[in-house]
Every structure is written in C-alpha cells, then in structure tokens.
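Chemist: Below you will find the structure I want to go over with you.
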Amino acid sequence: MYLLDTHTLIWFLEGNNNIPAPTRLLLRRPLNQLRISIASFWEMAIKRKNTGKLVLPDALNDIIIKTQQLGIEIISINTSHVLQVETLPLHHRDPFDRLVLLKP
C-alpha cells in the first residue's frame, strides 16, 4: 500500500516526470494499493481558489473522479485522526501534510 501526498497525486495523474521512474513503476503496478487522504483534495481546493498557490490541470471534481476511476482509495478524516494530530511531532508546519500522514 502506498499513501500519496497531494503533489504526487497531481503529478501521477498528469504523467509528470517529477516522480522518479522507479516510483512511477511502483505506482502503476496493478497489485499495489494506492491511497490518498481527502485532506489532499481539501488542500487543492484551498490552494487553488483562496491562495492561488496551485494550478490544477483539470477541475477538482474531474480530478476526484479520475482518482476514483484509477482505483485509488480516498481515505476520510475522522475524530481519531484529529486526536492523533495532537501527538505528532512538529517536523514542519503544513497542516495538510500532518493530516495526510495519519494512520487510516
């Protein structure tokens, strides 16, 4: 199982070479289960609309549909995830990265 972060998902859907070739092979292998946190789509929406820090190749709804069509599991956020955030060390300040790394 591989948990994708926001930019990895975007690059994967675009076929972007920012993902190293060995990693792209792993992500394309049919037996490997891919997951993405719903927080990544939340991050895309905020950074695209509110801050202008993100340019997406498609509408967000289309990205979500494509993600689902590829069989990438979208992980929800629940109250246990919120409680886990309090226990995480502060390696960086990006709140979305902190949510994405939580155990499903």
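The chains in the structure tokens are called A, B, ... from first to last as shown; in each chain the residues are counted from 1, and the ligands are counted from 1 in the order shown.
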Using only C-alpha atoms, which residues sit within 9 Å of segment 12-22 of chain A once same-chain residues fewer than 5 positions away are excluded, as an MDAnalysis selection string?
Modeler: chainID A and resid 7 27 57 63 66:67
Chemist: Taking only C-alpha atoms into account, which of A:Leu54, A:Ile38, A:Ala59, A:Ala45 comes nearest Ser76 of chain A?
Modeler: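 That would be A:Ile38, the residue with the smallest distance to Ser76 of chain A.
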Chemist: Which distance in Å separates atom CA of Ser37 of chain A and atom CA of Leu56 of chain A, to one decimal?
Modeler: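 Pair atom CA of Ser37 of chain A / atom CA of Leu56 of chain A returns 17.4 Å.
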Chemist: For atom CA of Leu4 of chain A and atom CA of Thr87 of chain A, quote the distance in Å rounded to one decimal.
Modeler: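 We find that atom CA of Leu4 of chain A and atom CA of Thr87 of chain A lie 21.6 Å from each other.
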Chemist: Run DSSP on the backbone of this structure and report the residues of chain A it assigns to helix (DSSP H, G or I), as an MDAnalysis selection string.
Modeler: chainID A and resid 6:14 21:28 38:50 60:69 79:85 95:100
Chemist: Those residues with C-alpha atoms, as a compact mmCIF listing (two decimals), in the first residue's frame please?
Modeler:
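As written to disk, again-v2.txt reads:
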```txt
# COMPACT_ATOMS: atom_id res chain seq x y z
CA THR A 6 -1.05 15.92 -2.80
CA HIS A 7 1.62 16.76 -5.36
CA THR A 8 2.44 13.12 -6.01
CA LEU A 9 -1.20 12.51 -6.93
CA ILE A 10 -1.30 15.55 -9.21
CA TRP A 11 1.96 14.56 -10.91
CA PHE A 12 0.83 10.93 -11.21
CA LEU A 13 -2.44 11.93 -12.88
CA GLU A 14 -0.55 14.25 -15.26
CA ALA A 21 10.94 6.49 -12.82
CA PRO A 22 11.25 3.69 -10.21
CA THR A 23 8.47 5.28 -8.16
CA ARG A 24 6.24 5.68 -11.23
CA LEU A 25 6.66 1.95 -11.88
CA LEU A 26 5.61 1.14 -8.31
CA LEU A 27 2.56 3.37 -8.59
CA ARG A 28 1.49 1.77 -11.87
CA ILE A 38 -9.43 13.53 1.49
CA ALA A 39 -7.25 16.26 3.05
CA SER A 40 -5.31 16.38 -0.22
CA PHE A 41 -8.40 17.43 -2.16
CA TRP A 42 -9.21 19.95 0.56
CA GLU A 43 -5.68 21.32 0.21
CA MET A 44 -6.06 21.54 -3.59
CA ALA A 45 -9.32 23.47 -3.24
CA ILE A 46 -7.86 25.97 -0.77
CA LYS A 47 -4.55 26.48 -2.55
CA ARG A 48 -6.21 26.80 -5.94
CA LYS A 49 -9.06 29.14 -5.06
CA ASN A 50 -8.01 31.04 -1.95
CA LEU A 60 -11.20 19.47 -8.91
CA ASN A 61 -14.30 17.33 -9.46
CA ASP A 62 -12.67 15.78 -12.54
CA ILE A 63 -9.50 15.05 -10.55
CA ILE A 64 -11.55 13.29 -7.87
CA ILE A 65 -13.41 11.24 -10.49
CA LYS A 66 -10.18 10.27 -12.24
CA THR A 67 -8.65 9.28 -8.90
CA GLN A 68 -11.61 7.00 -8.19
CA GLN A 69 -11.56 5.54 -11.72
CA THR A 79 -12.27 12.19 15.02
CA SER A 80 -9.49 9.71 15.85
CA HIS A 81 -7.35 11.40 13.17
CA VAL A 82 -7.98 14.78 14.74
CA LEU A 83 -6.84 13.43 18.10
CA GLN A 84 -3.70 11.91 16.51
CA VAL A 85 -2.64 15.35 15.24
CA PRO A 95 -1.32 21.32 8.42
CA PHE A 96 -2.32 19.28 5.36
CA ASP A 97 0.84 17.20 5.43
CA ARG A 98 0.16 16.49 9.08
CA LEU A 99 -3.33 15.17 8.25
CA VAL A 100 -2.20 13.17 5.20
```
Chemist: Between A:Leu31, A:Ile75, A:Ile36, A:Leu88, which is the closest to Leu3 of chain A once you count only C-alpha atoms?
Modeler: A:Ile36
Chemist: Among chain A, which residues carry a DSSP assignment of strand (DSSP E), reported as a VMD selection string?
Modeler: chain A and resid 2 to 4 34 to 37 73 to 75
Chemist: Please measure the separation of atom CA of Ile72 of chain A and atom CA of Asp58 of chain A, giving the value in Å to one decimal.
Modeler: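 Atom CA of Asp58 of chain A lies 17.4 Å from atom CA of Ile72 of chain A.
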